[in-house]
Amino acid sequence: METMNQTSRVKRGGERAPARNNRTLRLYTVDAVIFVLFALVINVPLTGLAIHEWLGIAIAIGLVTHTVQHTNWVVTTTRRMMSATSFQNRVNYLLMVALFIGFVSIIVSGLLISEVALPWLGVTPPGARFMLWIHLASVGWVLWLTAIHIALNWRWIVNTSDRLVFKRFARTGSR
Ligand code: HEM
Ligand code: HEM
């Protein structure tokens with residue numbers, strides 16, 4: 001009986017593990033892609049304006065994907081904010097809201113001052129000076145918020161890198 005229980009536990013665990021690994025791999029891939037895009041997109045002299053604009057549009061798609069992957073977090077935490085919860089949870093939630101608003105403001109203002117990507121698609125944006133100011137000012141504080149966001153998730157990043165990248169390389173290397 002004991003052996004049977006153990007077998008079924010292993011089997012059940014074995015069935016669940018790949019699904020969880022796949023989700024982790026998907027999260028990790030999107031996180032890595034948006035991180036690299038962010039590092040490039042804040043460095044306009046490195047890429048030039050045309051590539052900057054296309055990468056800016058790519059990171060917008062990446063961030064929508066990242067947020068959709070965390071729909072559960074958004075729904076659960078928003079509900080939690082309606083009832084009694086800790087100060088730390090509220091600060092964490094406010095940080096996420098500010099991060100979201102910050103990226104939306106950079107991307108929308110970026111599209112409104114676009115000189116290459118949108119005209120190439122046949123759309124002429126208004127390009128007001130005020131929008132340029134919004135674009136540059138939002139970058140200033142979103143940079144800090146992103147650094148805090150990454151720092152708060154640092155343990156997950158280290159553990160997952162260890163499991164998905166370093167241990168995998170170590171296994172292939174030892175063959
Ligand atoms: C360059 C920008 C960003 C990077 C590199 C980044 C990276 C990460 C990482 C590494 C994690 C932990 C692993 C995971 O669950 O995926 C995470 C979680 C999360 N991120 Fe981001 N993120 C960025 C922007 C954003 C933005 C703009 C939002 C929008 C609100 C956001 C919302 C979330 C949420 C809701 C979680 C889950 C938090 C939790 O489970 O405690 N992220 N992000
Ligand atoms: C997360 C996304 C983005 C970030 C972090 C970002 C960041 C920046 C930064 C730091 C600059 C200043 C460059 C400098 O003065 O050296 C800049 C300029 C600019 N960005 Fe973005 N950007 C983003 C998305 C976009 C998008 C989507 C577009 C349009 C499709 C765009 C269009 C522009 C334009 C036209 C300029 C030049 C403004 C000027 O000096 O006339 N950006 N951006």
# chains A, B, ... in the order shown; residues from 1 in each chain; ligands from 1

call {"tool": "residues_near_ligand", "arguments": {"ligand": "ligand 1", "cutoff": "8 Å", "atoms": "only C-alpha atoms and all ligand atoms", "output": "JSON, numbers by chain"}}
result
{"A": [24, 27, 28, 30, 31, 32, 33, 34, 35, 36, 37, 38, 59, 63, 66, 67, 69, 70, 71, 73, 74, 96, 97, 98, 99, 100, 101, 102, 103, 146, 149, 150, 153, 154, 156, 157]}

call {"tool": "residues_near_ligand", "arguments": {"ligand": "ligand 2", "cutoff": "7 Å", "atoms": "only C-alpha atoms and all ligand atoms", "output": "list of chain:residue names"}}
result
A:Phe38, A:Val41, A:Ile42, A:Asn43, A:Val44, A:Pro45, A:Leu49, A:His52, A:Glu53, A:Trp54, A:Gly56, A:Ile57, A:Ile59, A:Ala60, A:Phe103, A:Ile106, A:Ile107, A:Gly110, A:Leu111, A:Ile113, A:Ser114, A:Glu115, A:Ala117, A:Leu118, A:Leu132, A:His135, A:Leu136, A:Val139

call {"tool": "residues_around", "arguments": {"residues": "region 79-81 of chain A", "least_positions_apart": "6", "cutoff": "9 Å", "atoms": "only C-alpha atoms", "output": "PyMOL selection string"}}
result
chain A and resi 89-90+93

call {"tool": "write_last_selection", "arguments": {"atoms": "C-alpha atoms", "output": "compact mmCIF listing (two decimals), in the first residue's frame"}}
result
# COMPACT_ATOMS: atom_id res chain seq x y z
CA ASN A 89 1.46 44.80 0.15
CA ARG A 90 -0.03 48.22 -0.58
CA TYR A 93 0.89 47.23 -5.46

call {"tool": "closest_residue", "arguments": {"among": "A:Asn21, A:Ser138, A:Thr77, A:Thr65", "to": "Ser109 (chain A)", "atoms": "only C-alpha atoms"}}
result
A:Ser138

call {"tool": "closest_residue", "arguments": {"among": "A:Val108, A:Val116, A:Val75, A:Leu95", "to": "Ala50 (chain A)", "atoms": "only C-alpha atoms"}}
result
A:Val116

call {"tool": "closest_residue", "arguments": {"among": "A:Ser105, A:Ile51, A:Phe169, A:Arg23", "to": "Gly140 (chain A)", "atoms": "only C-alpha atoms"}}
result
A:Ser105

call {"tool": "decode", "arguments": {"residues": "region 78-93 of chain A", "atoms": "N, CA and C atoms", "output": "short mmCIF file (atom, residue, chain, number, x, y, z; two decimals), in the first residue's frame"}}
result
data_model
loop_
_atom_site.label_atom_id
_atom_site.label_comp_id
_atom_site.auth_asym_id
_atom_site.auth_seq_id
_atom_site.Cartn_x
_atom_site.Cartn_y
_atom_site.Cartn_z
N THR A 78 -5.45 43.01 -6.85
CA THR A 78 -6.41 44.12 -6.87
C THR A 78 -7.53 43.85 -5.87
N ARG A 79 -8.01 42.59 -5.85
CA ARG A 79 -9.08 42.22 -4.87
C ARG A 79 -8.58 42.40 -3.46
N ARG A 80 -7.31 41.98 -3.22
CA ARG A 80 -6.75 42.07 -1.86
C ARG A 80 -6.68 43.53 -1.40
N MET A 81 -6.46 44.45 -2.36
CA MET A 81 -6.35 45.87 -2.00
C MET A 81 -7.67 46.44 -1.49
N MET A 82 -8.80 45.78 -1.88
CA MET A 82 -10.13 46.26 -1.47
C MET A 82 -10.40 45.92 0.00
N SER A 83 -9.65 44.93 0.54
CA SER A 83 -9.88 44.56 1.94
C SER A 83 -8.64 44.89 2.77
N ALA A 84 -8.67 44.51 4.05
CA ALA A 84 -7.53 44.83 4.93
C ALA A 84 -6.29 44.05 4.50
N THR A 85 -5.19 44.76 4.32
CA THR A 85 -3.94 44.07 3.96
C THR A 85 -2.76 44.88 4.50
N SER A 86 -1.58 44.30 4.45
CA SER A 86 -0.43 44.97 5.08
C SER A 86 0.02 46.20 4.29
N PHE A 87 0.74 47.08 4.97
CA PHE A 87 1.30 48.28 4.36
C PHE A 87 2.25 47.90 3.22
N GLN A 88 3.04 46.84 3.48
CA GLN A 88 4.03 46.39 2.49
C GLN A 88 3.35 45.95 1.19
N ASN A 89 2.21 45.23 1.33
CA ASN A 89 1.46 44.80 0.15
C ASN A 89 0.95 46.00 -0.65
N ARG A 90 0.50 47.03 0.10
CA ARG A 90 -0.03 48.22 -0.58
C ARG A 90 1.07 48.96 -1.33
N VAL A 91 2.24 49.07 -0.70
CA VAL A 91 3.36 49.76 -1.35
C VAL A 91 3.77 48.98 -2.61
N ASN A 92 3.83 47.68 -2.48
CA ASN A 92 4.20 46.82 -3.61
C ASN A 92 3.22 47.00 -4.78
N TYR A 93 1.92 47.07 -4.44
CA TYR A 93 0.89 47.23 -5.46
C TYR A 93 1.01 48.60 -6.13
#
